[in-house]
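To be precise, the following lines are protein.pdb, and they hold PDB, C-alpha atoms.
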```pdb
ATOM      1  CA  MET A   1     102.146 132.527  71.531
ATOM      2  CA  GLU A   2     104.705 131.174  69.038
ATOM      3  CA  ASN A   3     107.322 131.150  71.800
ATOM      4  CA  LYS A   4     105.068 128.999  73.984
ATOM      5  CA  THR A   5     104.374 126.640  71.076
ATOM      6  CA  GLY A   6     108.117 126.296  70.419
ATOM      7  CA  LYS A   7     108.809 125.521  74.083
ATOM      8  CA  SER A   8     106.015 122.955  74.099
ATOM      9  CA  LYS A   9     107.437 121.173  71.037
ATOM     10  CA  ALA A  10     110.952 121.222  72.484
ATOM     11  CA  TYR A  11     109.638 119.781  75.762
ATOM     12  CA  LYS A  12     107.836 116.982  73.898
ATOM     13  CA  ILE A  13     110.938 116.132  71.878
ATOM     14  CA  ILE A  14     113.178 116.076  74.964
ATOM     15  CA  SER A  15     110.626 113.980  76.856
ATOM     16  CA  LEU A  16     110.402 111.517  73.962
ATOM     17  CA  VAL A  17     114.194 111.185  73.758
ATOM     18  CA  VAL A  18     114.459 110.599  77.513
ATOM     19  CA  LEU A  19     111.658 108.009  77.432
ATOM     20  CA  VAL A  20     113.287 106.169  74.513
ATOM     21  CA  ILE A  21     116.634 106.072  76.338
ATOM     22  CA  LEU A  22     114.982 104.786  79.528
ATOM     23  CA  ALA A  23     113.027 102.166  77.557
ATOM     24  CA  ILE A  24     116.242 100.920  75.954
ATOM     25  CA  LEU A  25     117.979 100.732  79.331
ATOM     26  CA  PHE A  26     115.094  98.779  80.882
ATOM     27  CA  LEU A  27     114.689  96.434  77.898
ATOM     28  CA  PHE A  28     118.384  95.715  77.443
ATOM     29  CA  PRO A  29     118.642  93.075  80.235
ATOM     30  CA  LEU A  30     115.686  91.204  78.712
ATOM     31  CA  TYR A  31     117.304  91.430  75.267
ATOM     32  CA  TRP A  32     120.609  90.158  76.660
ATOM     33  CA  ILE A  33     118.946  87.201  78.393
ATOM     34  CA  ILE A  34     116.900  86.153  75.349
ATOM     35  CA  THR A  35     119.807  86.420  72.919
ATOM     36  CA  GLY A  36     122.134  84.762  75.435
ATOM     37  CA  ALA A  37     119.802  81.774  75.622
ATOM     38  CA  PHE A  38     120.517  81.090  71.926
ATOM     39  CA  LYS A  39     124.264  81.855  71.967
ATOM     40  CA  PRO A  40     126.949  79.169  71.805
ATOM     41  CA  ALA A  41     129.397  79.021  74.694
ATOM     42  CA  VAL A  42     132.113  80.780  72.692
ATOM     43  CA  ASP A  43     129.890  83.867  72.342
ATOM     44  CA  ILE A  44     128.779  83.861  75.972
ATOM     45  CA  TYR A  45     132.310  83.703  77.380
ATOM     46  CA  ALA A  46     133.923  85.945  74.765
ATOM     47  CA  GLN A  47     136.044  88.773  76.157
ATOM     48  CA  LYS A  48     134.294  91.323  73.962
ATOM     49  CA  PRO A  49     130.467  91.395  74.166
ATOM     50  CA  VAL A  50     128.750  89.608  71.288
ATOM     51  CA  TRP A  51     125.577  91.644  70.763
ATOM     52  CA  TRP A  52     123.947  89.100  68.460
ATOM     53  CA  PRO A  53     124.618  85.349  68.357
ATOM     54  CA  THR A  54     127.064  84.344  65.640
ATOM     55  CA  GLU A  55     125.079  81.095  65.495
ATOM     56  CA  LEU A  56     121.596  80.425  66.865
ATOM     57  CA  VAL A  57     121.730  77.228  68.927
ATOM     58  CA  THR A  58     119.273  75.399  71.170
ATOM     59  CA  THR A  59     121.961  73.617  73.177
ATOM     60  CA  ASN A  60     121.286  75.710  76.258
ATOM     61  CA  PHE A  61     117.614  74.719  76.294
ATOM     62  CA  ALA A  62     118.559  71.077  75.657
ATOM     63  CA  ASN A  63     120.922  71.119  78.660
ATOM     64  CA  LEU A  64     118.168  72.643  80.772
ATOM     65  CA  MET A  65     115.667  69.966  79.728
ATOM     66  CA  ASN A  66     118.018  67.020  80.249
ATOM     67  CA  LYS A  67     119.171  67.795  83.775
ATOM     68  CA  ARG A  68     116.246  66.305  85.738
ATOM     69  CA  THR A  69     112.820  64.768  85.265
ATOM     70  CA  ALA A  70     109.615  65.024  87.297
ATOM     71  CA  PRO A  71     105.877  64.258  86.925
ATOM     72  CA  LEU A  72     104.166  67.015  84.948
ATOM     73  CA  TRP A  73     101.508  67.495  87.627
ATOM     74  CA  GLU A  74     100.688  66.061  91.007
ATOM     75  CA  ILE A  75      97.460  67.364  92.463
ATOM     76  CA  ARG A  76      97.561  67.185  96.257
ATOM     77  CA  LEU A  77      94.716  68.534  98.366
ATOM     78  CA  PRO A  78      95.680  71.037 101.071
ATOM     79  CA  PHE A  79      95.172  69.728 104.618
ATOM     80  CA  SER A  80      94.525  66.244 103.176
ATOM     81  CA  HIS A  81      97.120  64.751 105.560
ATOM     82  CA  LEU A  82      94.527  65.136 108.313
ATOM     83  CA  PHE A  83      92.334  62.548 106.604
ATOM     84  CA  SER A  84      95.081  60.189 105.455
ATOM     85  CA  GLY A  85      96.002  57.122 107.505
ATOM     86  CA  SER A  86      99.675  57.430 106.574
ATOM     87  CA  GLY A  87      99.821  61.107 107.433
ATOM     88  CA  GLU A  88     100.816  61.985 103.865
ATOM     89  CA  GLY A  89      98.882  64.315 101.604
ATOM     90  CA  ILE A  90      96.337  62.752  99.256
ATOM     91  CA  ALA A  91      97.375  62.922  95.580
ATOM     92  CA  LEU A  92      94.414  62.940  93.211
ATOM     93  CA  SER A  93      96.436  62.596  90.013
ATOM     94  CA  VAL A  94     100.034  62.263  88.898
ATOM     95  CA  GLY A  95     100.961  63.260  85.368
ATOM     96  CA  PRO A  96     103.497  61.799  82.917
ATOM     97  CA  THR A  97     107.226  62.171  83.493
ATOM     98  CA  VAL A  98     108.676  65.220  81.718
ATOM     99  CA  PRO A  99     111.780  67.433  82.033
ATOM    100  CA  ALA A 100     111.690  68.915  85.515
ATOM    101  CA  VAL A 101     111.817  72.470  84.174
ATOM    102  CA  PHE A 102     108.266  72.062  82.830
ATOM    103  CA  ARG A 103     107.047  70.936  86.249
ATOM    104  CA  TRP A 104     108.849  73.854  87.905
ATOM    105  CA  LEU A 105     107.309  76.287  85.446
ATOM    106  CA  LEU A 106     103.851  74.806  86.038
ATOM    107  CA  ASN A 107     104.366  75.067  89.811
ATOM    108  CA  THR A 108     105.374  78.707  89.503
ATOM    109  CA  VAL A 109     102.477  79.640  87.243
ATOM    110  CA  PHE A 110      99.974  77.893  89.528
ATOM    111  CA  MET A 111     101.495  79.512  92.617
ATOM    112  CA  ALA A 112     101.513  83.028  91.150
ATOM    113  CA  VAL A 113      98.037  82.806  89.584
ATOM    114  CA  ALA A 114      96.444  81.322  92.726
ATOM    115  CA  ALA A 115      98.101  83.943  94.924
ATOM    116  CA  MET A 116      96.990  86.683  92.508
ATOM    117  CA  PHE A 117      93.300  85.674  92.507
ATOM    118  CA  LEU A 118      93.101  84.979  96.244
ATOM    119  CA  THR A 119      94.923  88.185  97.178
ATOM    120  CA  CYS A 120      92.802  90.353  94.867
ATOM    121  CA  PHE A 121      89.602  88.766  96.194
ATOM    122  CA  THR A 122      90.419  89.115  99.905
ATOM    123  CA  ALA A 123      92.135  92.504  99.604
ATOM    124  CA  THR A 124      89.224  94.002  97.656
ATOM    125  CA  MET A 125      86.698  92.883 100.269
ATOM    126  CA  ALA A 126      88.906  93.956 103.185
ATOM    127  CA  GLY A 127      89.666  97.331 101.590
ATOM    128  CA  TYR A 128      85.975  97.954 100.943
ATOM    129  CA  ALA A 129      85.076  97.082 104.536
ATOM    130  CA  LEU A 130      87.775  99.353 105.965
ATOM    131  CA  ALA A 131      86.804 102.234 103.667
ATOM    132  CA  LYS A 132      83.002 102.120 103.795
ATOM    133  CA  LYS A 133      82.019 100.257 106.952
ATOM    134  CA  ARG A 134      81.965 101.809 110.384
ATOM    135  CA  PHE A 135      82.783  99.402 113.203
ATOM    136  CA  ARG A 136      84.612  99.498 116.502
ATOM    137  CA  GLY A 137      88.368  99.148 116.180
ATOM    138  CA  ARG A 138      88.465 100.011 112.481
ATOM    139  CA  SER A 139      91.213 102.620 112.888
ATOM    140  CA  ILE A 140      93.271 100.312 115.100
ATOM    141  CA  LEU A 141      92.965  97.473 112.593
ATOM    142  CA  PHE A 142      94.029  99.703 109.715
ATOM    143  CA  GLY A 143      96.941 100.967 111.807
ATOM    144  CA  LEU A 144      98.088  97.399 112.389
ATOM    145  CA  ILE A 145      97.956  96.772 108.637
ATOM    146  CA  ILE A 146     100.135  99.835 108.045
ATOM    147  CA  CYS A 147     102.592  98.591 110.682
ATOM    148  CA  ALA A 148     102.666  95.167 109.029
ATOM    149  CA  MET A 149     103.684  96.832 105.759
ATOM    150  CA  ALA A 150     106.773  98.210 107.499
ATOM    151  CA  LEU A 151     107.910  94.809 108.790
ATOM    152  CA  PRO A 152     110.534  93.049 106.663
ATOM    153  CA  LYS A 153     109.554  89.566 105.564
ATOM    154  CA  GLN A 154     112.510  88.033 107.401
ATOM    155  CA  VAL A 155     110.955  89.031 110.746
ATOM    156  CA  VAL A 156     107.823  86.917 110.230
ATOM    157  CA  LEU A 157     109.473  84.101 108.284
ATOM    158  CA  ILE A 158     110.165  81.795 111.234
ATOM    159  CA  PRO A 159     106.600  82.066 112.631
ATOM    160  CA  LEU A 160     105.247  81.423 109.119
ATOM    161  CA  LEU A 161     107.505  78.395 108.718
ATOM    162  CA  LYS A 162     106.358  76.944 112.055
ATOM    163  CA  GLU A 163     102.735  77.620 111.170
ATOM    164  CA  MET A 164     102.994  75.924 107.774
ATOM    165  CA  SER A 165     104.746  72.941 109.370
ATOM    166  CA  ALA A 166     102.121  72.670 112.111
ATOM    167  CA  ILE A 167      99.245  72.464 109.637
ATOM    168  CA  GLY A 168     101.102  70.085 107.324
ATOM    169  CA  LEU A 169     101.641  72.426 104.394
ATOM    170  CA  TYR A 170     105.435  72.658 104.541
ATOM    171  CA  ASN A 171     107.102  71.591 101.278
ATOM    172  CA  THR A 172     103.959  72.280  99.265
ATOM    173  CA  ILE A 173     103.037  75.083  96.882
ATOM    174  CA  TRP A 174     100.284  76.103  99.317
ATOM    175  CA  ALA A 175     102.935  77.096 101.861
ATOM    176  CA  ILE A 176     103.998  79.842  99.442
ATOM    177  CA  ILE A 177     100.480  80.844  98.412
ATOM    178  CA  PHE A 178      98.666  81.244 101.738
ATOM    179  CA  PRO A 179     101.099  83.743 103.381
ATOM    180  CA  THR A 180     100.701  85.974 100.314
ATOM    181  CA  VAL A 181      96.906  86.111 100.559
ATOM    182  CA  GLY A 182      97.036  88.453 103.550
ATOM    183  CA  TRP A 183      99.362  90.943 101.830
ATOM    184  CA  PRO A 184      99.010  94.220 103.794
ATOM    185  CA  PHE A 185      99.918  96.336 100.779
ATOM    186  CA  GLY A 186      97.007  94.840  98.846
ATOM    187  CA  VAL A 187      94.531  95.765 101.587
ATOM    188  CA  PHE A 188      95.981  99.275 101.812
ATOM    189  CA  LEU A 189      95.813  99.779  98.030
ATOM    190  CA  MET A 190      92.220  98.581  97.727
ATOM    191  CA  LYS A 191      91.131 100.684 100.707
ATOM    192  CA  GLN A 192      92.419 103.774  98.934
ATOM    193  CA  PHE A 193      90.488 102.878  95.791
ATOM    194  CA  SER A 194      87.344 102.022  97.748
ATOM    195  CA  GLU A 195      87.421 105.471  99.340
ATOM    196  CA  GLY A 196      86.458 106.847  95.931
ATOM    197  CA  VAL A 197      83.205 104.880  95.770
ATOM    198  CA  PRO A 198      80.369 107.404  96.424
ATOM    199  CA  GLY A 199      78.427 106.596  99.581
ATOM    200  CA  GLU A 200      75.231 107.849  97.941
ATOM    201  CA  ILE A 201      75.342 105.022  95.404
ATOM    202  CA  LEU A 202      75.757 102.432  98.149
ATOM    203  CA  GLU A 203      72.912 103.948 100.128
ATOM    204  CA  ALA A 204      70.653 103.923  97.051
ATOM    205  CA  ALA A 205      71.460 100.253  96.502
ATOM    206  CA  ARG A 206      70.481  99.424 100.081
ATOM    207  CA  ILE A 207      67.213 101.340  99.711
ATOM    208  CA  ASP A 208      66.463  99.325  96.571
ATOM    209  CA  GLY A 209      66.894  96.151  98.603
ATOM    210  CA  ALA A 210      70.298  95.020  97.307
ATOM    211  CA  GLY A 211      72.120  92.705  99.670
ATOM    212  CA  GLU A 212      75.687  93.232 100.828
ATOM    213  CA  TRP A 213      77.184  90.720  98.410
ATOM    214  CA  ASN A 214      75.106  92.005  95.489
ATOM    215  CA  THR A 215      76.157  95.577  96.270
ATOM    216  CA  PHE A 216      79.799  94.601  96.408
ATOM    217  CA  MET A 217      79.807  92.626  93.145
ATOM    218  CA  THR A 218      77.586  94.911  91.015
ATOM    219  CA  ILE A 219      78.599  98.353  92.286
ATOM    220  CA  VAL A 220      81.856  98.344  94.248
ATOM    221  CA  PHE A 221      83.893  95.836  92.252
ATOM    222  CA  PRO A 222      83.334  97.460  88.805
ATOM    223  CA  MET A 223      84.300 100.851  90.228
ATOM    224  CA  VAL A 224      87.569  99.596  91.766
ATOM    225  CA  LYS A 225      88.459  97.297  88.858
ATOM    226  CA  PRO A 226      91.478  99.423  87.777
ATOM    227  CA  GLY A 227      92.893  99.024  91.275
ATOM    228  CA  VAL A 228      92.286  95.268  91.132
ATOM    229  CA  GLY A 229      94.143  95.122  87.815
ATOM    230  CA  ALA A 230      97.118  96.975  89.264
ATOM    231  CA  LEU A 231      97.077  94.763  92.363
ATOM    232  CA  ALA A 232      96.920  91.650  90.163
ATOM    233  CA  ILE A 233     100.146  92.620  88.413
ATOM    234  CA  PHE A 234     101.863  93.551  91.673
ATOM    235  CA  THR A 235     100.825  90.286  93.318
ATOM    236  CA  PHE A 236     101.767  88.100  90.365
ATOM    237  CA  ILE A 237     105.236  89.629  90.052
ATOM    238  CA  ASN A 238     105.773  89.650  93.823
ATOM    239  CA  SER A 239     104.855  85.954  94.096
ATOM    240  CA  TRP A 240     106.853  84.988  91.027
ATOM    241  CA  ASN A 241     110.018  86.744  92.230
ATOM    242  CA  ASP A 242     109.786  85.831  95.933
ATOM    243  CA  TYR A 243     112.806  83.542  95.817
ATOM    244  CA  PHE A 244     113.485  83.780  99.553
ATOM    245  CA  MET A 245     110.034  82.491 100.548
ATOM    246  CA  GLN A 246     110.235  79.721  97.958
ATOM    247  CA  LEU A 247     113.660  78.677  99.226
ATOM    248  CA  ILE A 248     112.441  78.343 102.818
ATOM    249  CA  MET A 249     109.031  76.741 102.232
ATOM    250  CA  VAL A 250     109.900  74.176  99.533
ATOM    251  CA  SER A 251     112.528  71.444  99.684
ATOM    252  CA  SER A 252     111.663  68.702  97.155
ATOM    253  CA  ASN A 253     112.385  68.509  93.425
ATOM    254  CA  THR A 254     108.733  68.118  92.392
ATOM    255  CA  ASN A 255     107.657  71.243  94.298
ATOM    256  CA  TYR A 256     110.437  73.576  93.162
ATOM    257  CA  THR A 257     109.608  76.798  91.363
ATOM    258  CA  ILE A 258     111.441  77.711  88.171
ATOM    259  CA  SER A 259     113.902  80.082  89.850
ATOM    260  CA  LEU A 260     114.577  77.700  92.738
ATOM    261  CA  GLY A 261     114.996  74.709  90.424
ATOM    262  CA  ILE A 262     117.477  76.505  88.181
ATOM    263  CA  ALA A 263     119.416  77.680  91.239
ATOM    264  CA  THR A 264     119.744  74.090  92.481
ATOM    265  CA  LEU A 265     120.984  72.989  89.060
ATOM    266  CA  GLN A 266     123.652  75.676  89.179
ATOM    267  CA  ALA A 267     124.708  74.524  92.658
ATOM    268  CA  GLU A 268     125.209  70.946  91.441
ATOM    269  CA  THR A 269     127.414  71.686  88.445
ATOM    270  CA  SER A 270     129.866  74.303  87.259
ATOM    271  CA  VAL A 271     128.370  77.625  86.252
ATOM    272  CA  ASP A 272     126.644  77.254  82.874
ATOM    273  CA  MET A 273     125.635  80.775  81.879
ATOM    274  CA  GLY A 274     123.909  79.584  78.716
ATOM    275  CA  MET A 275     121.640  77.217  80.627
ATOM    276  CA  LEU A 276     120.995  79.935  83.214
ATOM    277  CA  MET A 277     119.958  82.408  80.531
ATOM    278  CA  ALA A 278     117.731  79.789  78.897
ATOM    279  CA  GLY A 279     115.962  79.240  82.211
ATOM    280  CA  ALA A 280     115.632  82.987  82.815
ATOM    281  CA  ALA A 281     114.198  83.502  79.313
ATOM    282  CA  LEU A 282     111.695  80.715  79.876
ATOM    283  CA  ALA A 283     110.709  82.152  83.263
ATOM    284  CA  SER A 284     110.149  85.651  81.843
ATOM    285  CA  VAL A 285     107.467  84.594  79.349
ATOM    286  CA  PRO A 286     104.507  84.260  81.808
ATOM    287  CA  ILE A 287     105.303  87.601  83.445
ATOM    288  CA  ILE A 288     105.295  89.356  80.072
ATOM    289  CA  ILE A 289     101.988  87.705  79.146
ATOM    290  CA  VAL A 290     100.327  88.730  82.431
ATOM    291  CA  PHE A 291     101.549  92.308  82.095
ATOM    292  CA  LEU A 292     100.220  92.565  78.539
ATOM    293  CA  LEU A 293      96.837  91.173  79.629
ATOM    294  CA  PHE A 294      96.465  93.566  82.576
ATOM    295  CA  GLN A 295      98.314  96.547  81.106
ATOM    296  CA  ARG A 296      95.138  98.582  80.537
ATOM    297  CA  TYR A 297      93.955  98.142  84.127
ATOM    298  CA  PHE A 298      97.450  98.750  85.446
ATOM    299  CA  THR A 299      97.706 102.065  83.568
ATOM    300  CA  GLN A 300      94.236 103.120  84.738
ATOM    301  CA  GLY A 301      95.080 102.190  88.315
ATOM    302  CA  ILE A 302      98.288 104.228  88.334
ATOM    303  CA  THR A 303      96.500 107.207  86.697
ATOM    304  CA  MET A 304      93.590 107.137  89.152
ATOM    305  CA  GLY A 305      95.975 106.871  92.080
ATOM    306  CA  ALA A 306      97.933 109.874  90.797
ATOM    307  CA  VAL A 307      94.960 112.207  90.400
ATOM    308  CA  LYS A 308      93.076 111.184  93.527
ATOM    309  CA  GLY A 309      92.727 114.116  95.907
TER     310      GLY A 309
END
```
Here is the file; what I need is its structure written in the form of structure tokens.
Amino acid sequence: MENKTGKSKAYKIISLVVLVILAILFLFPLYWIITGAFKPAVDIYAQKPVWWPTELVTTNFANLMNKRTAPLWEIRLPFSHLFSGSGEGIALSVGPTVPAVFRWLLNTVFMAVAAMFLTCFTATMAGYALAKKRFRGRSILFGLIICAMALPKQVVLIPLLKEMSAIGLYNTIWAIIFPTVGWPFGVFLMKQFSEGVPGEILEAARIDGAGEWNTFMTIVFPMVKPGVGALAIFTFINSWNDYFMQLIMVSSNTNYTISLGIATLQAETSVDMGMLMAGAALASVPIIIVFLLFQRYFTQGITMGAVKG
């Protein structure tokens, strides 16, 4: 018995040491970016790594702010070009002129949050229908979704670009959002979670006279909420980091995302690593906030997915 206890303690200690080492390795790039954003140029380009800034400066952020300007917000209705005599989208409001990086950050946050909510909403309903509804062609439809997961994004990029151009959404944030809403992985994930909803509970709800929408919102959604939380994080990070889609669908300064805007600044001037790190540090803040907000659901979702039989 004592031998088993000793092995258990040794296993816990070794596991803790390994986890600490992995945590340090994963956190080090974030540490390097944040400290690099406040380093003077002499520390950034030093031959030997400077682990902590010899002097905390805000020059890198100042350079980032002073490069370009743009209106803080410009609310344009999707598909509004169809009702405009000039063929241009209808702008409801244009905000004050600010450093372009703030507009890019606002664009990115709006794009990622909108894609997150729309994807979670549609994927949850589609996954529930595929898991609990019996209709002709259900297996074929799910098979097509699985096949779509295997397709690289580059294969469907040209059709998506033509589609967005045809409906007048090219060079708008909506051209990045709408293709994400039908994310096959989201439908697949929510179908797996919906499989765990007991059919007896759904049948009892129908006997009690609950409608389809009421059943979905009061019974199904609370039971698959951990999966929705995990999907929310996946979708937010996927949309935020989808540089390739942003590069193809957006071409104007006011519609740039934070990563695309910083990349264009780097293309115009010589490489400024301090400004690049300042932009990367600024761009990492919303992702960290979203992860902290949804961490509980994300952990529950991963745990439930691991123990599901």
Subject >> From A:Met164, A:Ala70, A:Ala230, A:Leu293, residue lying nearest Met249 in chain A [all atoms listed in the file] >> reply: A:Met164
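For the set A:Leu19, A:Val57, A:Met149, A:Ala129, the residue with the smallest atom-to-atom gap to Phe185 in chain A is A:Met149, counting all atoms listed in the file.
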Subject >> Residue contacts of Leu64 in chain A (10 Å, all atoms listed in the file) excluding same-chain residues fewer than 3 positions away, as a PyMOL selection string >> reply: chain A and resi 59-61+67-68+99-101+262+265+272+274-279
Original post:
What gap, in Å, lies between CA of Thr124 in chain A and CA of Ala205 in chain A?
Top reply: 18.9 Å
**OP:** Find the spatial neighbours of Phe291 in chain A, counting only C-alpha atoms, within a cut-off of 12 Å - ignore same-chain residues fewer than 4 positions away - and output them as a list of chain:residue names.
**Re:**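 Listed by chain and then number, they are A:Gly229, A:Ala230, A:Leu231, A:Ala232, A:Ile233, A:Phe234, A:Thr235, A:Phe236, A:Ile237, A:Ser284, A:Val285, A:Pro286, A:Ile287, A:Gln295, A:Arg296, A:Tyr297, A:Phe298, A:Thr299.
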Original post:
Looking at A:Ala166, A:Ile177, A:Met190, A:Met223, which one is nearest to Leu118 in chain A, with distances taken over all atoms listed in the file?
Top reply: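 Of A:Ala166, A:Ile177, A:Met190, A:Met223, the one nearest Leu118 in chain A, counting all atoms listed in the file, is A:Ile177.
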Subject >> Output of the PyMOL selection byres ((chain A and resi 105) around 12), listed as an NGL selection string >> reply: :A and (65 or 70 or 72-73 or 98-104 or 106-112 or 240 or 254-262 or 279-287)
**OP:** Tell me, in Å to one decimal, how far CA of Pro49 in chain A is from CA of Gly36 in chain A.
**Re:**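 These two atoms are separated by 10.7 Å.
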**OP:** Return as a ChimeraX atom specification the set of residues that the PyMOL selection byres ((chain A and resi 199) around 12) yields on the displayed structure.
**Re:** /A:128,131-133,194-198,200-206,215,219-220
Selected residues, C-alpha atoms, written as an mmCIF file, in the frame of the given file, please.
```
data_model
loop_
_atom_site.group_PDB
_atom_site.id
_atom_site.type_symbol
_atom_site.label_atom_id
_atom_site.label_comp_id
_atom_site.auth_asym_id
_atom_site.auth_seq_id
_atom_site.Cartn_x
_atom_site.Cartn_y
_atom_site.Cartn_z
ATOM 1 C CA TYR A 128 85.975 97.954 100.943
ATOM 2 C CA ALA A 131 86.804 102.234 103.667
ATOM 3 C CA LYS A 132 83.002 102.120 103.795
ATOM 4 C CA LYS A 133 82.019 100.257 106.952
ATOM 5 C CA SER A 194 87.344 102.022 97.748
ATOM 6 C CA GLU A 195 87.421 105.471 99.340
ATOM 7 C CA GLY A 196 86.458 106.847 95.931
ATOM 8 C CA VAL A 197 83.205 104.880 95.770
ATOM 9 C CA PRO A 198 80.369 107.404 96.424
ATOM 10 C CA GLU A 200 75.231 107.849 97.941
ATOM 11 C CA ILE A 201 75.342 105.022 95.404
ATOM 12 C CA LEU A 202 75.757 102.432 98.149
ATOM 13 C CA GLU A 203 72.912 103.948 100.128
ATOM 14 C CA ALA A 204 70.653 103.923 97.051
ATOM 15 C CA ALA A 205 71.460 100.253 96.502
ATOM 16 C CA ARG A 206 70.481 99.424 100.081
ATOM 17 C CA THR A 215 76.157 95.577 96.270
ATOM 18 C CA ILE A 219 78.599 98.353 92.286
ATOM 19 C CA VAL A 220 81.856 98.344 94.248
#
```
**OP:** Would you work out the distance separating CA of Met217 in chain A from CA of Arg138 in chain A, expressed in Å to one decimal?
**Re:**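 For CA of Met217 in chain A relative to CA of Arg138 in chain A, the distance reads 22.4 Å.
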As AutoDock Vina command-line options, what would the box around range 192-203 of chain A look like: edges along x, y and z, 5 Å added on every side, centre and edge lengths in Å to one decimal?
```
--center_x 82.7 --center_y 104.9 --center_z 97.8 --size_x 29.5 --size_y 15.8 --size_z 14.7
```
Original post:
From the list A:Leu169, A:Val224, A:Ala62, A:Ile21, which residue is nearest Phe38 in chain A when using all atoms listed in the file?
Top reply: A:Ala62
Subject >> Shell of 10 Å around Ile248 in chain A, only C-alpha atoms, local chain residues under 2 positions omitted, as a VMD selection string >> reply: chain A and resid 157 to 158 161 170 to 171 175 to 176 243 to 246 250 to 251
Original post:
Which of these, A:Trp213, A:Phe117, A:Thr97, A:Phe193, has the shortest distance to Glu74 in chain A once you count all atoms listed in the file?
Top reply: A:Thr97
